[in-house]
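Student: Before we start, here is the structure in question, set down as structure tokens.
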Protein chains: 2
Amino acid sequence: MKPNLSTVLLDHGAGGRAAHELVARVFLKHLAGQNGSSLEDSAVLDFPPGRLAFTTDSFVVTPLFFPGGDIGDLAVNGTVNDLVMRGARPLYLSAGFILEEGLPIDTLDRIVASMARAADRAGVRVVAGDTKVVPKGAADRVFINTAGVGVVPDGREISASRAKPGDRILISGTLGDHGLAVLCQRSGLELDTPIVSDTASLAGLVERLIVIGQGDIHVLRDPTRGGLGTTLNEIAQSSGVGMLLYEDRLPVRPEVRGACDILGLDPLYVANEGKVIVIAAAGAAEALLAALKADDLGRDAALIGEVTDVRPGQVFLRTMIGGTRVVDMLTGEQLPRIC
Amino acid sequence: MKPNLSTVLLDHGAGGRAAHELVARVFLKHLAGQNGSSLEDSAVLDFPPGRLAFTTDSFVVTPLFFPGGDIGDLAVNGTVNDLVMRGARPLYLSAGFILEEGLPIDTLDRIVASMARAADRAGVRVVAGDTKVVPKGAADRVFINTAGVGVVPDGREISASRAKPGDRILISGTLGDHGLAVLCQRSGLELDTPIVSDTASLAGLVERLIVIGQGDIHVLRDPTRGGLGTTLNEIAQSSGVGMLLYEDRLPVRPEVRGACDILGLDPLYVANEGKVIVIAAAGAAEALLAALKADDLGRDAALIGEVTDVRPGQVFLRTMIGGTRVVDMLTGEQLPRIC
């Protein structure tokens, strides 16, 4: 890479000398300590005893940088959290970049630096990578795919299909922060109190919860795309149970509520990127709520509902004025490129 | 998904009901038997004793369909082969799709069906997936990322850093078939003998080679982007050795040679997607070559060179007329979107 080279060229994706230089100057600069196999076709790694958790997510968020985060830390935290939701300890990530010709190298550098910091915080190593470059106009700046591998210690059985009538439903914090942070930035909506994305690794918090909850934690899910409403519907269907939410307990920041009003959105369906739904036996709910509240990432945690045997597969909301309405999956909303 | 719905909509990427319907109607239709965790955040899987191999690759090839393959089987075979090159037995794949709004559902269906067939042939399961949809113009139809996990049985130490002076260099077949198949299709170049991509899983062939070669196989690499020339340079640098190739032994189909002449390309630098470079101790070379030739995928295999201690990090070609020239890494070529 010539010293004055400031944008991504098609050559950087051709697998030759330019590609090697981009890897050295940007990727290995930030991820070098993590990646021992830059010239191999695969990384070969130790795997501790236990089952393998495996997941993938692509990130196409726009704008690339938003209050509280960017596409880089989002791509790390999103995949780490998907591992964590099965009770896995996250170990390794891969990162696949699709770059548009002409992307400023500085932009890529900022994103990769952010990924490296997020990986450090989450305790995972980025061990495999790939870069493709497409001609100008064939992609929008940068898309990132991360896949993740973790180990599920024996005895942990956490799954969307394990909710049981009588279980309590907890949420680790306020709803809609990530989605609204991105939408406000994109639309230029200026608020007195800016909304900040909640993107964060939940690895540490969830590991502590599992130790406290032992076998009483039945389901863990992070309500990302589709929001809390859609995710609870998925769990209700997978487990064959009903659910009742208490509207007055749903934690929503006033500024998020205000922005939702302006934009015509329901915080129940807006994406979160650093929140976990915990569904656990009733007897464990109080201890888990206390553990959540004791954690920086769970300060606004709340017990928001219960699992029932009424109308399996459906989620109901007991409204503030005492009525009950169905909470359906997200339909007909078009909020593309939130993550 | 309404019965008459024929194109991908932004809604299909929003994580709500439409996304679920797309998953059911297209992804689970073809990959259902493979995927036991469609509503979970991660798949949880058995992992046999051994080290973990982990790799990722994104695919942005255009056209999506070309003689001998398409973006779907390419995405499966490419990642399977990257696992195999470390001596791993491939086990599981993830698949992340980035779709452009307006993509015909039929096109997606053909691609996913092709992925399923390729996974069956390679003996891997697609166990995790993700779909994002971006507005028209923000991506070109469909990009696919696959990540792969395999197990490396104890005792296998195959790496780009293990080539030794005196080793022999074998290639499993003809050079440049994939790249030229895509380029001819894209450019509308019509040949008397159409060029067909070599995309294929090398899992079976390589497993047989490893059994025959035992510890005598030092390096396995598939010469994809950048071609044989670039890949051998990478190995020479990683291993700190020189290499000498014999031009008269390089297998190239006449139609590929002809198309390369027309397009101004060197088959040494054109991508292959179903070929393996084997670098092994001299004493094992004959048995490995025989094993290659006995396999459908290795019919045109050849012993093409040797590892030397001359000029470590450099690759030389002994030309047909008896001279010697340096084979450098690919530089300055712009052949985007070959894979």
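A note on labels: chains of the structure tokens are A, B, ... as shown, every chain counts residues from 1, and ligands are counted from 1 in their shown order.
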Would you please give, as number ranges by chain, all residues of segment 7-96 of chain A that DSSP assigns to strand (DSSP E or B) based on the backbone?
Tutor: A: 7, 43-45, 51-59, 65-66, 69-70, 89-96
Student: Given the selection you just returned, output its residues as a file containing N, CA and C atoms, formatted as a PDB file, in the first residue's frame.
Tutor:
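Contents of part_34.pdb, freshly written:
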```
ATOM      1  N   THR A   7      -7.866   5.268  -0.050  1.00  0.00           N
ATOM      2  CA  THR A   7      -9.164   4.611  -0.233  1.00  0.00           C
ATOM      3  C   THR A   7      -8.973   3.157  -0.646  1.00  0.00           C
ATOM      4  N   ALA A  43      -7.949 -21.042  10.920  1.00  0.00           N
ATOM      5  CA  ALA A  43      -7.271 -21.055  12.212  1.00  0.00           C
ATOM      6  C   ALA A  43      -7.479 -22.432  12.844  1.00  0.00           C
ATOM      7  N   VAL A  44      -6.458 -22.932  13.528  1.00  0.00           N
ATOM      8  CA  VAL A  44      -6.586 -24.196  14.265  1.00  0.00           C
ATOM      9  C   VAL A  44      -6.390 -23.873  15.741  1.00  0.00           C
ATOM     10  N   LEU A  45      -7.380 -24.255  16.553  1.00  0.00           N
ATOM     11  CA  LEU A  45      -7.512 -23.704  17.902  1.00  0.00           C
ATOM     12  C   LEU A  45      -7.853 -24.790  18.907  1.00  0.00           C
ATOM     13  N   ARG A  51     -20.053 -28.747  24.739  1.00  0.00           N
ATOM     14  CA  ARG A  51     -20.651 -28.670  23.408  1.00  0.00           C
ATOM     15  C   ARG A  51     -20.244 -27.359  22.727  1.00  0.00           C
ATOM     16  N   LEU A  52     -20.363 -27.372  21.404  1.00  0.00           N
ATOM     17  CA  LEU A  52     -19.978 -26.215  20.592  1.00  0.00           C
ATOM     18  C   LEU A  52     -21.205 -25.346  20.326  1.00  0.00           C
ATOM     19  N   ALA A  53     -21.108 -24.047  20.608  1.00  0.00           N
ATOM     20  CA  ALA A  53     -22.143 -23.105  20.173  1.00  0.00           C
ATOM     21  C   ALA A  53     -21.606 -22.373  18.950  1.00  0.00           C
ATOM     22  N   PHE A  54     -22.462 -22.183  17.941  1.00  0.00           N
ATOM     23  CA  PHE A  54     -22.022 -21.627  16.651  1.00  0.00           C
ATOM     24  C   PHE A  54     -23.123 -20.710  16.138  1.00  0.00           C
ATOM     25  N   THR A  55     -22.758 -19.526  15.711  1.00  0.00           N
ATOM     26  CA  THR A  55     -23.759 -18.568  15.248  1.00  0.00           C
ATOM     27  C   THR A  55     -23.152 -17.609  14.239  1.00  0.00           C
ATOM     28  N   THR A  56     -23.998 -16.914  13.486  1.00  0.00           N
ATOM     29  CA  THR A  56     -23.523 -15.919  12.517  1.00  0.00           C
ATOM     30  C   THR A  56     -24.492 -14.755  12.427  1.00  0.00           C
ATOM     31  N   ASP A  57     -23.985 -13.596  12.054  1.00  0.00           N
ATOM     32  CA  ASP A  57     -24.803 -12.407  11.879  1.00  0.00           C
ATOM     33  C   ASP A  57     -24.076 -11.481  10.910  1.00  0.00           C
ATOM     34  N   SER A  58     -24.833 -10.873  10.007  1.00  0.00           N
ATOM     35  CA  SER A  58     -24.256  -9.854   9.132  1.00  0.00           C
ATOM     36  C   SER A  58     -24.735  -8.492   9.596  1.00  0.00           C
ATOM     37  N   PHE A  59     -23.891  -7.479   9.394  1.00  0.00           N
ATOM     38  CA  PHE A  59     -24.192  -6.128   9.866  1.00  0.00           C
ATOM     39  C   PHE A  59     -24.113  -5.158   8.695  1.00  0.00           C
ATOM     40  N   PHE A  65     -21.397   5.024  11.972  1.00  0.00           N
ATOM     41  CA  PHE A  65     -21.062   5.488  13.326  1.00  0.00           C
ATOM     42  C   PHE A  65     -22.296   6.191  13.889  1.00  0.00           C
ATOM     43  N   PHE A  66     -22.642   5.878  15.115  1.00  0.00           N
ATOM     44  CA  PHE A  66     -23.845   6.443  15.740  1.00  0.00           C
ATOM     45  C   PHE A  66     -23.554   6.621  17.221  1.00  0.00           C
ATOM     46  N   GLY A  69     -21.851   3.795  19.577  1.00  0.00           N
ATOM     47  CA  GLY A  69     -21.219   2.658  18.916  1.00  0.00           C
ATOM     48  C   GLY A  69     -21.016   2.859  17.434  1.00  0.00           C
ATOM     49  N   ASP A  70     -20.657   1.780  16.759  1.00  0.00           N
ATOM     50  CA  ASP A  70     -20.457   1.797  15.311  1.00  0.00           C
ATOM     51  C   ASP A  70     -20.616   0.367  14.818  1.00  0.00           C
ATOM     52  N   ARG A  89     -19.855 -19.905  26.708  1.00  0.00           N
ATOM     53  CA  ARG A  89     -18.767 -18.958  26.920  1.00  0.00           C
ATOM     54  C   ARG A  89     -18.160 -18.671  25.554  1.00  0.00           C
ATOM     55  N   PRO A  90     -18.244 -17.412  25.084  1.00  0.00           N
ATOM     56  CA  PRO A  90     -17.723 -17.091  23.750  1.00  0.00           C
ATOM     57  C   PRO A  90     -16.209 -17.223  23.704  1.00  0.00           C
ATOM     58  N   LEU A  91     -15.688 -17.794  22.634  1.00  0.00           N
ATOM     59  CA  LEU A  91     -14.246 -18.017  22.499  1.00  0.00           C
ATOM     60  C   LEU A  91     -13.651 -17.297  21.294  1.00  0.00           C
ATOM     61  N   TYR A  92     -14.196 -17.568  20.111  1.00  0.00           N
ATOM     62  CA  TYR A  92     -13.561 -17.132  18.873  1.00  0.00           C
ATOM     63  C   TYR A  92     -14.573 -16.482  17.936  1.00  0.00           C
ATOM     64  N   LEU A  93     -14.115 -15.459  17.216  1.00  0.00           N
ATOM     65  CA  LEU A  93     -14.940 -14.845  16.176  1.00  0.00           C
ATOM     66  C   LEU A  93     -14.210 -14.891  14.838  1.00  0.00           C
ATOM     67  N   SER A  94     -14.990 -14.962  13.760  1.00  0.00           N
ATOM     68  CA  SER A  94     -14.474 -14.671  12.424  1.00  0.00           C
ATOM     69  C   SER A  94     -15.072 -13.346  11.975  1.00  0.00           C
ATOM     70  N   ALA A  95     -14.409 -12.695  11.039  1.00  0.00           N
ATOM     71  CA  ALA A  95     -14.891 -11.411  10.525  1.00  0.00           C
ATOM     72  C   ALA A  95     -14.733 -11.383   9.013  1.00  0.00           C
ATOM     73  N   GLY A  96     -15.847 -11.258   8.301  1.00  0.00           N
ATOM     74  CA  GLY A  96     -15.829 -11.170   6.840  1.00  0.00           C
ATOM     75  C   GLY A  96     -16.287  -9.781   6.415  1.00  0.00           C
TER      76      GLY A  96
END
```
Student: Pull out every residue of chain B sitting within 6 Å of chain A, counting only C-alpha atoms, and send them as an MDAnalysis selection string.
Tutor: chainID B and resid 11 15:17 41:47 51:55 57 82:83 128 130 138:140 225:226 329:331 334
Student: How would the residues just picked look written out with N, CA and C atoms as a CSV table (one decimal), in the first residue's frame?
Tutor:
```csv
chain,number,residue,atom,x,y,z
B,11,ASP,N,-39.0,-5.7,4.4
B,11,ASP,CA,-39.6,-6.4,5.5
B,11,ASP,C,-39.0,-7.8,5.9
B,15,GLY,N,-36.7,-8.9,10.8
B,15,GLY,CA,-36.8,-9.8,12.0
B,15,GLY,C,-38.2,-10.1,12.5
B,16,GLY,N,-39.2,-9.6,11.8
B,16,GLY,CA,-40.6,-9.9,12.2
B,16,GLY,C,-41.2,-11.1,11.5
B,17,ARG,N,-42.5,-11.0,11.3
B,17,ARG,CA,-43.2,-12.1,10.7
B,17,ARG,C,-42.8,-12.4,9.3
B,41,ASP,N,-30.7,-18.4,19.1
B,41,ASP,CA,-29.6,-17.5,18.8
B,41,ASP,C,-28.4,-18.1,18.3
B,42,SER,N,-28.1,-19.3,18.8
B,42,SER,CA,-26.9,-20.1,18.3
B,42,SER,C,-27.4,-21.6,18.2
B,43,ALA,N,-26.7,-22.3,17.4
B,43,ALA,CA,-26.8,-23.7,17.4
B,43,ALA,C,-25.9,-24.3,18.5
B,44,VAL,N,-26.4,-25.3,19.1
B,44,VAL,CA,-25.5,-26.0,20.1
B,44,VAL,C,-25.3,-27.4,19.6
B,45,LEU,N,-24.0,-27.8,19.5
B,45,LEU,CA,-23.7,-29.0,18.7
B,45,LEU,C,-22.6,-29.8,19.4
B,46,ASP,N,-22.6,-31.1,19.1
B,46,ASP,CA,-21.5,-32.0,19.6
B,46,ASP,C,-20.2,-31.6,18.8
B,47,PHE,N,-19.1,-31.7,19.6
B,47,PHE,CA,-17.8,-31.5,19.0
B,47,PHE,C,-16.9,-32.7,19.4
B,51,ARG,N,-8.6,-30.6,17.8
B,51,ARG,CA,-8.6,-29.2,17.8
B,51,ARG,C,-9.7,-28.7,16.8
B,52,LEU,N,-10.0,-27.4,17.0
B,52,LEU,CA,-11.1,-26.8,16.3
B,52,LEU,C,-10.4,-26.0,15.1
B,53,ALA,N,-10.9,-26.3,13.9
B,53,ALA,CA,-10.6,-25.4,12.7
B,53,ALA,C,-11.7,-24.5,12.5
B,54,PHE,N,-11.4,-23.2,12.2
B,54,PHE,CA,-12.4,-22.2,12.0
B,54,PHE,C,-12.0,-21.2,10.9
B,55,THR,N,-12.9,-20.9,10.0
B,55,THR,CA,-12.6,-20.1,8.9
B,55,THR,C,-13.9,-19.3,8.4
B,57,ASP,N,-15.4,-16.9,4.8
B,57,ASP,CA,-15.3,-16.4,3.4
B,57,ASP,C,-16.6,-15.7,3.0
B,82,ASP,N,-11.4,-24.5,2.7
B,82,ASP,CA,-10.5,-23.8,3.6
B,82,ASP,C,-10.3,-24.6,4.9
B,83,LEU,N,-11.3,-25.3,5.4
B,83,LEU,CA,-11.1,-26.2,6.6
B,83,LEU,C,-10.2,-27.4,6.2
B,128,ALA,N,-26.5,-22.7,11.1
B,128,ALA,CA,-26.8,-21.3,11.6
B,128,ALA,C,-26.9,-20.4,10.4
B,130,ASP,N,-28.4,-16.2,8.9
B,130,ASP,CA,-28.8,-14.9,9.1
B,130,ASP,C,-29.2,-14.2,7.8
B,138,ALA,N,-28.3,-0.6,-2.7
B,138,ALA,CA,-27.3,-0.6,-1.6
B,138,ALA,C,-26.5,-1.9,-1.6
B,139,ALA,N,-26.8,-2.9,-2.4
B,139,ALA,CA,-26.0,-4.1,-2.6
B,139,ALA,C,-26.4,-4.6,-4.0
B,140,ASP,N,-25.5,-5.5,-4.5
B,140,ASP,CA,-25.8,-6.1,-5.8
B,140,ASP,C,-26.4,-7.5,-5.7
B,225,ARG,N,-8.4,-17.0,-5.0
B,225,ARG,CA,-8.0,-15.7,-5.4
B,225,ARG,C,-6.5,-15.5,-5.5
B,226,GLY,N,-6.0,-14.9,-6.5
B,226,GLY,CA,-4.5,-14.8,-6.7
B,226,GLY,C,-3.9,-15.9,-7.4
B,329,MET,N,3.9,-12.4,-6.5
B,329,MET,CA,2.5,-12.3,-6.2
B,329,MET,C,1.7,-11.5,-7.2
B,330,LEU,N,0.4,-11.8,-7.3
B,330,LEU,CA,-0.4,-11.0,-8.2
B,330,LEU,C,-0.3,-9.5,-7.8
B,331,THR,N,-0.1,-8.7,-8.8
B,331,THR,CA,-0.1,-7.2,-8.6
B,331,THR,C,-0.8,-6.5,-9.7
B,334,GLN,N,-7.0,-6.4,-11.9
B,334,GLN,CA,-8.3,-6.0,-11.4
B,334,GLN,C,-9.4,-7.0,-11.9
```
Student: What's the 10 Å shell around segment 302-310 of chain A, counting only C-alpha atoms, without same-chain residues fewer than 4 positions away, as a compact mmCIF listing (two decimals) with N, CA and C atoms, in the first residue's frame?
Tutor:
```txt
# COMPACT_ATOMS: atom_id res chain seq x y z
N ALA A 163 -39.31 -22.37 28.16
CA ALA A 163 -40.17 -21.57 29.06
C ALA A 163 -41.33 -22.43 29.56
N LYS A 164 -41.66 -22.25 30.85
CA LYS A 164 -42.72 -23.08 31.46
C LYS A 164 -43.75 -22.18 32.14
N PRO A 165 -45.03 -22.54 32.10
CA PRO A 165 -46.03 -21.74 32.81
C PRO A 165 -45.60 -21.53 34.27
N GLY A 166 -45.77 -20.32 34.74
CA GLY A 166 -45.33 -19.97 36.09
C GLY A 166 -43.99 -19.26 36.12
N ASP A 167 -43.18 -19.44 35.08
CA ASP A 167 -41.89 -18.74 35.01
C ASP A 167 -42.10 -17.23 35.00
N ARG A 168 -41.10 -16.53 35.47
CA ARG A 168 -41.12 -15.07 35.43
C ARG A 168 -40.26 -14.56 34.28
N ILE A 169 -40.65 -13.40 33.74
CA ILE A 169 -39.93 -12.80 32.61
C ILE A 169 -39.24 -11.52 33.09
N LEU A 170 -37.92 -11.49 32.96
CA LEU A 170 -37.13 -10.32 33.35
C LEU A 170 -36.49 -9.71 32.11
N ILE A 171 -36.27 -8.39 32.16
CA ILE A 171 -35.49 -7.74 31.11
C ILE A 171 -34.39 -6.96 31.80
N SER A 172 -33.20 -6.94 31.18
CA SER A 172 -32.04 -6.38 31.88
C SER A 172 -31.98 -4.85 31.83
N GLY A 173 -32.86 -4.21 31.05
CA GLY A 173 -32.80 -2.75 31.01
C GLY A 173 -33.80 -2.16 30.04
N THR A 174 -33.58 -0.90 29.71
CA THR A 174 -34.55 -0.14 28.93
C THR A 174 -34.64 -0.61 27.48
N ALA A 236 -42.61 -17.88 22.94
CA ALA A 236 -43.93 -18.45 23.24
C ALA A 236 -44.26 -19.59 22.28
N GLY A 240 -44.37 -23.37 23.35
CA GLY A 240 -45.79 -23.76 23.45
C GLY A 240 -46.44 -23.23 24.72
N VAL A 241 -46.16 -21.98 25.05
CA VAL A 241 -46.72 -21.36 26.26
C VAL A 241 -47.32 -20.00 25.90
N GLY A 242 -48.13 -19.47 26.80
CA GLY A 242 -48.60 -18.10 26.67
C GLY A 242 -47.74 -17.18 27.52
N MET A 243 -47.91 -15.88 27.32
CA MET A 243 -47.16 -14.91 28.13
C MET A 243 -48.04 -13.71 28.43
N LEU A 244 -47.83 -13.14 29.62
CA LEU A 244 -48.52 -11.91 30.00
C LEU A 244 -47.47 -10.89 30.44
N LEU A 245 -47.49 -9.76 29.77
CA LEU A 245 -46.57 -8.66 30.12
C LEU A 245 -47.35 -7.58 30.87
N TYR A 246 -46.64 -6.87 31.77
CA TYR A 246 -47.26 -5.76 32.49
C TYR A 246 -46.72 -4.46 31.90
N GLU A 247 -47.59 -3.73 31.24
CA GLU A 247 -47.14 -2.52 30.53
C GLU A 247 -46.46 -1.53 31.48
N ASP A 248 -46.98 -1.44 32.71
CA ASP A 248 -46.45 -0.42 33.63
C ASP A 248 -45.05 -0.77 34.14
N ARG A 249 -44.59 -1.98 33.86
CA ARG A 249 -43.24 -2.34 34.31
C ARG A 249 -42.21 -2.28 33.20
N LEU A 250 -42.63 -2.04 31.96
CA LEU A 250 -41.67 -2.05 30.85
C LEU A 250 -40.77 -0.82 30.95
N PRO A 251 -39.46 -1.02 31.08
CA PRO A 251 -38.57 0.13 31.22
C PRO A 251 -38.27 0.77 29.87
N ILE A 277 -33.34 -10.89 27.77
CA ILE A 277 -34.57 -11.39 28.39
C ILE A 277 -34.19 -12.64 29.17
N VAL A 278 -34.56 -12.68 30.44
CA VAL A 278 -34.30 -13.86 31.27
C VAL A 278 -35.65 -14.46 31.66
N ILE A 279 -35.87 -15.71 31.33
CA ILE A 279 -37.09 -16.40 31.75
C ILE A 279 -36.65 -17.51 32.70
N ALA A 280 -37.16 -17.42 33.93
CA ALA A 280 -36.64 -18.30 34.97
C ALA A 280 -37.77 -18.75 35.89
N ALA A 281 -37.53 -19.83 36.61
CA ALA A 281 -38.49 -20.32 37.60
C ALA A 281 -38.81 -19.18 38.58
N ALA A 282 -40.08 -19.11 39.03
CA ALA A 282 -40.53 -18.01 39.88
C ALA A 282 -39.65 -17.86 41.12
N ALA A 285 -36.57 -15.70 40.62
CA ALA A 285 -36.71 -14.40 39.96
C ALA A 285 -36.13 -13.26 40.80
N GLU A 286 -36.37 -13.31 42.09
CA GLU A 286 -35.95 -12.19 42.94
C GLU A 286 -34.42 -12.09 42.98
N LEU A 288 -32.31 -13.21 40.80
CA LEU A 288 -31.80 -12.83 39.48
C LEU A 288 -32.00 -11.34 39.23
N LEU A 289 -33.14 -10.82 39.64
CA LEU A 289 -33.39 -9.38 39.47
C LEU A 289 -32.38 -8.57 40.28
N ALA A 290 -32.10 -9.02 41.49
CA ALA A 290 -31.11 -8.32 42.32
C ALA A 290 -29.74 -8.37 41.67
N LEU A 292 -29.08 -8.69 38.48
CA LEU A 292 -29.13 -7.80 37.31
C LEU A 292 -28.90 -6.35 37.74
N LYS A 293 -29.66 -5.93 38.76
CA LYS A 293 -29.60 -4.52 39.18
C LYS A 293 -28.23 -4.15 39.75
N GLY A 298 -27.25 -3.87 33.98
CA GLY A 298 -28.59 -4.29 34.36
C GLY A 298 -29.27 -3.33 35.32
N GLN A 314 -49.08 -17.28 22.20
CA GLN A 314 -49.46 -15.86 22.13
C GLN A 314 -48.94 -15.07 23.32
N VAL A 315 -48.71 -13.80 23.06
CA VAL A 315 -48.21 -12.89 24.10
C VAL A 315 -49.25 -11.79 24.32
N PHE A 316 -49.61 -11.55 25.59
CA PHE A 316 -50.58 -10.51 25.92
C PHE A 316 -49.94 -9.44 26.77
N LEU A 317 -50.49 -8.25 26.66
CA LEU A 317 -50.01 -7.12 27.44
C LEU A 317 -51.15 -6.61 28.32
N ARG A 318 -50.91 -6.56 29.64
CA ARG A 318 -51.89 -5.93 30.53
C ARG A 318 -51.57 -4.44 30.53
```
Student: Among the residues of segment 37-215 of chain B, find those DSSP assigns to helix (DSSP H, G or I) from the backbone and print them as a ChimeraX atom specification.
Tutor: /B:71-84,105-122,177-187,203-215
Student: What lies within 12 Å of Leu5 of chain B using only C-alpha atoms, ignoring chain neighbours under 2 positions off, as a PyMOL selection string?
Tutor: chain B and resi 1-3+7-9+12+18+21-22+25+102-106
Student: Save the residues we just selected, C-alpha atoms, as an mmCIF file, in the first residue's frame?
Tutor:
```cif
data_model
loop_
_atom_site.group_PDB
_atom_site.id
_atom_site.type_symbol
_atom_site.label_atom_id
_atom_site.label_comp_id
_atom_site.auth_asym_id
_atom_site.auth_seq_id
_atom_site.Cartn_x
_atom_site.Cartn_y
_atom_site.Cartn_z
ATOM 1 C CA MET B 1 -45.422 -14.627 2.692
ATOM 2 C CA LYS B 2 -48.345 -14.101 0.351
ATOM 3 C CA PRO B 3 -48.556 -16.775 -2.340
ATOM 4 C CA THR B 7 -39.395 -10.610 -4.705
ATOM 5 C CA VAL B 8 -37.452 -9.885 -1.544
ATOM 6 C CA LEU B 9 -38.792 -6.914 0.428
ATOM 7 C CA HIS B 12 -37.928 -9.799 5.015
ATOM 8 C CA ALA B 18 -42.077 -11.610 7.087
ATOM 9 C CA GLU B 21 -41.877 -16.625 6.597
ATOM 10 C CA LEU B 22 -38.875 -16.188 4.299
ATOM 11 C CA ARG B 25 -40.353 -20.904 2.779
ATOM 12 C CA GLY B 102 -36.254 -6.693 -5.228
ATOM 13 C CA LEU B 103 -34.209 -9.876 -5.634
ATOM 14 C CA PRO B 104 -36.505 -12.520 -7.161
ATOM 15 C CA ILE B 105 -37.413 -15.136 -4.554
ATOM 16 C CA ASP B 106 -36.912 -17.765 -7.271
#
```
Student: For each of B:Ala24, B:Ala287, B:Gly123, B:Arg253, take the minimum atom-to-atom distance to Arg208 of chain B, counting only C-alpha atoms, then give the residue where this is smallest.
Tutor: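 Checking each of B:Ala24, B:Ala287, B:Gly123, B:Arg253 against Arg208 of chain B, counting only C-alpha atoms, the winner is B:Ala287.
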Student: Which is closest to Ala181 of chain A among A:Leu205, A:Met115, A:Leu108, A:Ala259, if we use only C-alpha atoms?
Tutor: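 Looking only at the distances to Ala181 of chain A, the closest residue turns out to be A:Ala259.
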Student: Quick one: residues within 10 Å of Leu31 of chain B, only C-alpha atoms, excluding same-chain residues fewer than 2 positions away - as an MDAnalysis selection string?
Tutor: chainID B and resid 23:24 26:29 33:36 112:113 115:117 119:120 125:127
Student: How many Å separate atom CA of Ile262 of chain B from atom CA of Asn77 of chain B?
Tutor: 28.8 Å
